[in-house]
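Worksheet for the structure shown next.
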Amino acid sequence: MTLQSGQKNGSGITLGITGASGAIYALNLLKHLCCYFDEVHLMITDAARVVLATELSLKVPEAPTKIQSILAEYCDCDKKRLSVYSRDNWFASVASGSSAPRQMVICPASMGCLSAIATGASNTLLERAADVVIKEKGQLIVLPREMPFSTIHLKNMLTLSELGVTVMPASPGYYGQPETIEDLANFVSARILNHLGVENDVSVKWGYSG
Ligand SMILES: Cc1cc2nc3c(=O)[nH]c(=O)nc-3n(C[C@H](O)[C@H](O)[C@H](O)COP(=O)(O)O)c2cc1C
């Protein structure tokens with residue numbers, strides 16, 4: 001499946017934002033996903049809200065309707081495309097294989113989140129949604145962030161990789177000579193969009209620079 005700009009993916013996509021550093025990657029990705037997908041199903045952990053406040057001075061309250069308004073405005077995207085769920089909304093479509101989108105990205109992914117998914121904990125809606133995508137043989141992409149990785153972290157990533165999960169640390173290339181932090185975030189979003197089958201010109205492509 002390859003989508004191009006202006007062509008929407010009717011089935012939607014699920015985005016999880018957890019409490020690892022790199023909130024800028026999450027919101028940059030959210031902006032692009034809202035452009036390319038009809039519906040973005042969003043879950044944000046409590047720790048992620050702390051990181052958003054710390055790194056971007058963006059205060060995001062707990063209520064899903066407020067999160068929807070604030071993030072739609074921040075990302076300049078259509079509020080109607082954004083569905084936000086609380087951590088225990090088990091009636092959300094993403095909680096069940098019968099109706100969940102088959103594509104999910106967790107950006108950034110905390111080490112705690114990776115551990116929960118690798119063991120199938122499913123204690124929160126975000127963890128359950130990831131578990132559903134794995135069991136339904138859908139596409140799950142995680143962007144782990146920690147430095148350095150411990151053997152525990154690496155083992156959890158190996159477990160996920162062996163399950164077919166794409167482990168894609170936010171590690172932007174510098175060959176496009178980025179000038180701003182947004183350029184770096186666009187690089188990461190573009191690589192994610194490529195893996196989702198979304199044809200895009202969000203960032204430079206190797207071999208197309210001149
Ligand atoms: C500002 C800030 C930055 C953090 N950065 C990281 C990080 O890069 N990686 C990580 O695994 N945890 C990081 N943490 C710790 C996690 O937020 C914490 O382990 C939390 O329990 C993760 O929960 P969650 O997976 O539900 O979001 C950070 C916390 C804060 C407040």
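In the structure tokens, chains take the letters A, B, ... in the order shown, each chain's residues start at 1, and ligands count up from 1 in the order shown.
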### Task
Name the residues, by chain letter and number, that sit within 7 Å of ligand 1 using only C-alpha atoms and all ligand atoms, and give them as a PyMOL selection string.
chain A and resi 18-21+45-48+50-51+54-55+109-113+145-146
### Message
Would you pick out the contacts of A:Asn194 at 12 Å or less, using only C-alpha atoms, so that residues sharing its chain but fewer than 2 positions from it are not included, and give the list as a VMD selection string?
### Response
chain A and resid 1 to 4 32 to 33 36 141 186 to 192 196 to 203 205
Serialized selection, N, CA and C atoms, as a PDB file, in the first residue's frame:
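Done, and the output landed in out-v3.pdb:
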ATOM      1  N   MET A   1       0.856  -1.199   0.000  1.00  0.00           N
ATOM      2  CA  MET A   1       0.000   0.000   0.000  1.00  0.00           C
ATOM      3  C   MET A   1       0.889   1.244   0.000  1.00  0.00           C
ATOM      4  N   THR A   2       0.728   2.075  -1.002  1.00  0.00           N
ATOM      5  CA  THR A   2       1.478   3.329  -1.029  1.00  0.00           C
ATOM      6  C   THR A   2       0.506   4.481  -1.189  1.00  0.00           C
ATOM      7  N   LEU A   3       0.543   5.403  -0.250  1.00  0.00           N
ATOM      8  CA  LEU A   3      -0.331   6.570  -0.298  1.00  0.00           C
ATOM      9  C   LEU A   3       0.476   7.776  -0.721  1.00  0.00           C
ATOM     10  N   GLN A   4      -0.186   8.711  -1.391  1.00  0.00           N
ATOM     11  CA  GLN A   4       0.489   9.942  -1.770  1.00  0.00           C
ATOM     12  C   GLN A   4      -0.209  11.113  -1.107  1.00  0.00           C
ATOM     13  N   HIS A  32       1.835  15.243  10.657  1.00  0.00           N
ATOM     14  CA  HIS A  32       1.876  14.586   9.346  1.00  0.00           C
ATOM     15  C   HIS A  32       0.830  13.476   9.235  1.00  0.00           C
ATOM     16  N   LEU A  33       0.629  12.727  10.312  1.00  0.00           N
ATOM     17  CA  LEU A  33      -0.370  11.642  10.255  1.00  0.00           C
ATOM     18  C   LEU A  33      -1.758  12.208  10.000  1.00  0.00           C
ATOM     19  N   TYR A  36      -2.244  12.711   6.309  1.00  0.00           N
ATOM     20  CA  TYR A  36      -2.296  11.558   5.411  1.00  0.00           C
ATOM     21  C   TYR A  36      -3.370  10.528   5.766  1.00  0.00           C
ATOM     22  N   ILE A 141       5.161  -0.001  14.805  1.00  0.00           N
ATOM     23  CA  ILE A 141       6.474   0.651  14.742  1.00  0.00           C
ATOM     24  C   ILE A 141       6.715   1.318  16.096  1.00  0.00           C
ATOM     25  N   ASN A 186      11.370  16.197  10.977  1.00  0.00           N
ATOM     26  CA  ASN A 186      10.788  15.810   9.685  1.00  0.00           C
ATOM     27  C   ASN A 186      11.479  14.580   9.111  1.00  0.00           C
ATOM     28  N   PHE A 187      12.791  14.503   9.327  1.00  0.00           N
ATOM     29  CA  PHE A 187      13.532  13.333   8.833  1.00  0.00           C
ATOM     30  C   PHE A 187      12.966  12.063   9.460  1.00  0.00           C
ATOM     31  N   VAL A 188      12.767  12.128  10.775  1.00  0.00           N
ATOM     32  CA  VAL A 188      12.252  10.949  11.490  1.00  0.00           C
ATOM     33  C   VAL A 188      10.823  10.633  11.042  1.00  0.00           C
ATOM     34  N   SER A 189       9.973  11.666  10.934  1.00  0.00           N
ATOM     35  CA  SER A 189       8.585  11.436  10.498  1.00  0.00           C
ATOM     36  C   SER A 189       8.547  10.846   9.091  1.00  0.00           C
ATOM     37  N   ALA A 190       9.411  11.343   8.214  1.00  0.00           N
ATOM     38  CA  ALA A 190       9.417  10.843   6.835  1.00  0.00           C
ATOM     39  C   ALA A 190       9.750   9.358   6.791  1.00  0.00           C
ATOM     40  N   ARG A 191      10.708   8.941   7.619  1.00  0.00           N
ATOM     41  CA  ARG A 191      11.083   7.513   7.634  1.00  0.00           C
ATOM     42  C   ARG A 191       9.924   6.663   8.155  1.00  0.00           C
ATOM     43  N   ILE A 192       9.206   7.200   9.139  1.00  0.00           N
ATOM     44  CA  ILE A 192       8.040   6.455   9.650  1.00  0.00           C
ATOM     45  C   ILE A 192       6.970   6.371   8.559  1.00  0.00           C
ATOM     46  N   LEU A 196       5.080   3.195   6.693  1.00  0.00           N
ATOM     47  CA  LEU A 196       3.620   3.029   6.713  1.00  0.00           C
ATOM     48  C   LEU A 196       3.055   2.953   5.290  1.00  0.00           C
ATOM     49  N   GLY A 197       3.924   3.100   4.298  1.00  0.00           N
ATOM     50  CA  GLY A 197       3.460   3.046   2.911  1.00  0.00           C
ATOM     51  C   GLY A 197       2.920   4.373   2.414  1.00  0.00           C
ATOM     52  N   VAL A 198       3.295   5.461   3.087  1.00  0.00           N
ATOM     53  CA  VAL A 198       2.828   6.797   2.704  1.00  0.00           C
ATOM     54  C   VAL A 198       3.912   7.500   1.894  1.00  0.00           C
ATOM     55  N   GLU A 199       3.644   7.684   0.604  1.00  0.00           N
ATOM     56  CA  GLU A 199       4.597   8.412  -0.233  1.00  0.00           C
ATOM     57  C   GLU A 199       4.562   9.881   0.180  1.00  0.00           C
ATOM     58  N   ASN A 200       5.709  10.464   0.456  1.00  0.00           N
ATOM     59  CA  ASN A 200       5.715  11.830   1.003  1.00  0.00           C
ATOM     60  C   ASN A 200       6.998  12.541   0.628  1.00  0.00           C
ATOM     61  N   ASP A 201       6.938  13.885   0.737  1.00  0.00           N
ATOM     62  CA  ASP A 201       8.156  14.660   0.526  1.00  0.00           C
ATOM     63  C   ASP A 201       8.438  15.497   1.776  1.00  0.00           C
ATOM     64  N   VAL A 202       8.214  14.865   2.915  1.00  0.00           N
ATOM     65  CA  VAL A 202       8.384  15.550   4.198  1.00  0.00           C
ATOM     66  C   VAL A 202       9.851  15.866   4.479  1.00  0.00           C
ATOM     67  N   SER A 203      10.763  15.056   3.936  1.00  0.00           N
ATOM     68  CA  SER A 203      12.188  15.283   4.195  1.00  0.00           C
ATOM     69  C   SER A 203      12.995  14.893   2.955  1.00  0.00           C
ATOM     70  N   LYS A 205      15.374  12.937   0.415  1.00  0.00           N
ATOM     71  CA  LYS A 205      15.562  11.525   0.109  1.00  0.00           C
ATOM     72  C   LYS A 205      16.967  11.338  -0.423  1.00  0.00           C
TER      73      LYS A 205
END
### Message
Here is a test: counting only C-alpha atoms, which residue of A:Leu143, A:Leu163, A:Ile152, A:Leu29 is nearest to A:Pro108?
### Response
A:Leu143
### Message
When you look at A:Ala95 with a cut-off of 10 Å (counting only C-alpha atoms), what residues show up, excluding the ones that are within fewer than 6 positions of it in the same chain? I need them as a PyMOL selection string.
### Response
chain A and resi 88-89+101+122+124-133
I need the residues from that last selection saved to file as a short mmCIF file (atom, residue, chain, number, x, y, z; two decimals), in the first residue's frame (with C-alpha atoms), if you can.
data_model
loop_
_atom_site.label_atom_id
_atom_site.label_comp_id
_atom_site.auth_asym_id
_atom_site.auth_seq_id
_atom_site.Cartn_x
_atom_site.Cartn_y
_atom_site.Cartn_z
CA ASP A 88 -8.64 2.70 30.43
CA ASN A 89 -11.22 3.28 27.72
CA PRO A 101 -6.60 -0.02 12.69
CA SER A 122 -1.92 -4.82 28.35
CA THR A 124 -3.42 0.36 29.67
CA LEU A 125 -5.34 1.00 26.45
CA LEU A 126 -2.07 1.93 24.71
CA GLU A 127 -0.45 -1.36 25.72
CA ARG A 128 -3.60 -3.28 24.79
CA ALA A 129 -3.77 -1.56 21.37
CA ALA A 130 -0.16 -2.59 20.67
CA ASP A 131 -0.95 -6.13 21.81
CA VAL A 132 -3.93 -6.21 19.43
CA VAL A 133 -1.85 -5.02 16.48
#
As a PDB file with C-alpha atoms, in the first residue's frame, please: the residues near A:Leu71 (cut-off 12 Å, only C-alpha atoms, same-chain neighbours under 5 positions excluded).
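Generated output (selection25.pdb):
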ATOM      1  CA  ALA A  26       5.673  12.914  18.574  1.00  0.00           C
ATOM      2  CA  LEU A  27       3.974  16.181  17.672  1.00  0.00           C
ATOM      3  CA  ASN A  28       5.749  16.479  14.335  1.00  0.00           C
ATOM      4  CA  LEU A  29       4.573  12.965  13.488  1.00  0.00           C
ATOM      5  CA  LEU A  30       1.032  13.711  14.680  1.00  0.00           C
ATOM      6  CA  LYS A  31       0.880  16.708  12.342  1.00  0.00           C
ATOM      7  CA  CYS A  34      -3.355  14.004  10.406  1.00  0.00           C
ATOM      8  CA  VAL A  40      -5.699   9.284  14.028  1.00  0.00           C
ATOM      9  CA  LEU A  42      -4.312   8.847  19.881  1.00  0.00           C
ATOM     10  CA  MET A  43      -3.278   7.723  23.346  1.00  0.00           C
ATOM     11  CA  ILE A  44      -0.948   9.714  25.577  1.00  0.00           C
ATOM     12  CA  ARG A  49       2.106  14.706  29.402  1.00  0.00           C
ATOM     13  CA  LEU A  52       5.375  17.565  26.801  1.00  0.00           C
ATOM     14  CA  LEU A  58       2.983  22.503  26.435  1.00  0.00           C
ATOM     15  CA  LYS A  59       0.534  21.860  29.249  1.00  0.00           C
ATOM     16  CA  VAL A  60      -1.785  19.021  28.256  1.00  0.00           C
ATOM     17  CA  PRO A  61      -4.594  18.237  30.708  1.00  0.00           C
ATOM     18  CA  PRO A  64      -9.285  13.454  26.196  1.00  0.00           C
ATOM     19  CA  THR A  65     -11.507  16.235  24.789  1.00  0.00           C
ATOM     20  CA  LYS A  66      -9.083  18.885  26.055  1.00  0.00           C
ATOM     21  CA  ASP A  76      -2.525  22.795  13.030  1.00  0.00           C
ATOM     22  CA  CYS A  77      -4.626  19.778  12.109  1.00  0.00           C
ATOM     23  CA  ASP A  78      -8.334  19.128  11.732  1.00  0.00           C
ATOM     24  CA  LYS A  79      -9.781  18.308  15.152  1.00  0.00           C
ATOM     25  CA  LYS A  80     -12.265  15.941  13.537  1.00  0.00           C
ATOM     26  CA  ARG A  81      -9.421  13.686  12.391  1.00  0.00           C
ATOM     27  CA  LEU A  82      -8.177  13.206  15.937  1.00  0.00           C
ATOM     28  CA  SER A  83      -9.740  10.743  18.396  1.00  0.00           C
ATOM     29  CA  VAL A  84      -8.147  10.779  21.845  1.00  0.00           C
TER      30      VAL A  84
END
### Task
Give the helix (DSSP H, G or I) residues of stretch 47-198 of chain A, as DSSP finds them on the backbone, and put them as a PyMOL selection string.
chain A and resi 47-56+64-74+79-81+93-95+111-119+125-135+151-162+181-195
### Message
When DSSP is applied to the backbone of this structure, which of stretch 9-192 of chain A are assigned strand (DSSP E or B)? Write them out as a PyMOL selection string.
### Response
chain A and resi 9+13-17+37+40-44+82-85+103-109+139-144+166-167
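Between atom CA of A:Ile106 and atom CA of A:Leu15 lies a distance of 5.8 Å.
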### Task
Work out how far apart atom CA of A:Gly97 and atom CA of A:Leu158 are and give it in Å to one decimal.
24.1 Å
### Task
Just give me the gap between atom CA of A:Glu162 and atom CA of A:Leu140 in Å, one decimal is fine.
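Distance between the two atoms: 12.1 Å.
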### Task
For A:Gly164, please output as a ChimeraX atom specification all residues within 8 Å (counting only C-alpha atoms; exclusion window: fewer than 2 positions along the same chain).
/A:134,139-140,160-162,166
### Task
Determine the nearest neighbour of A:Tyr174 from the options A:Met147, A:Val204, A:Ala23, A:Cys75, counting only C-alpha atoms.
A:Val204
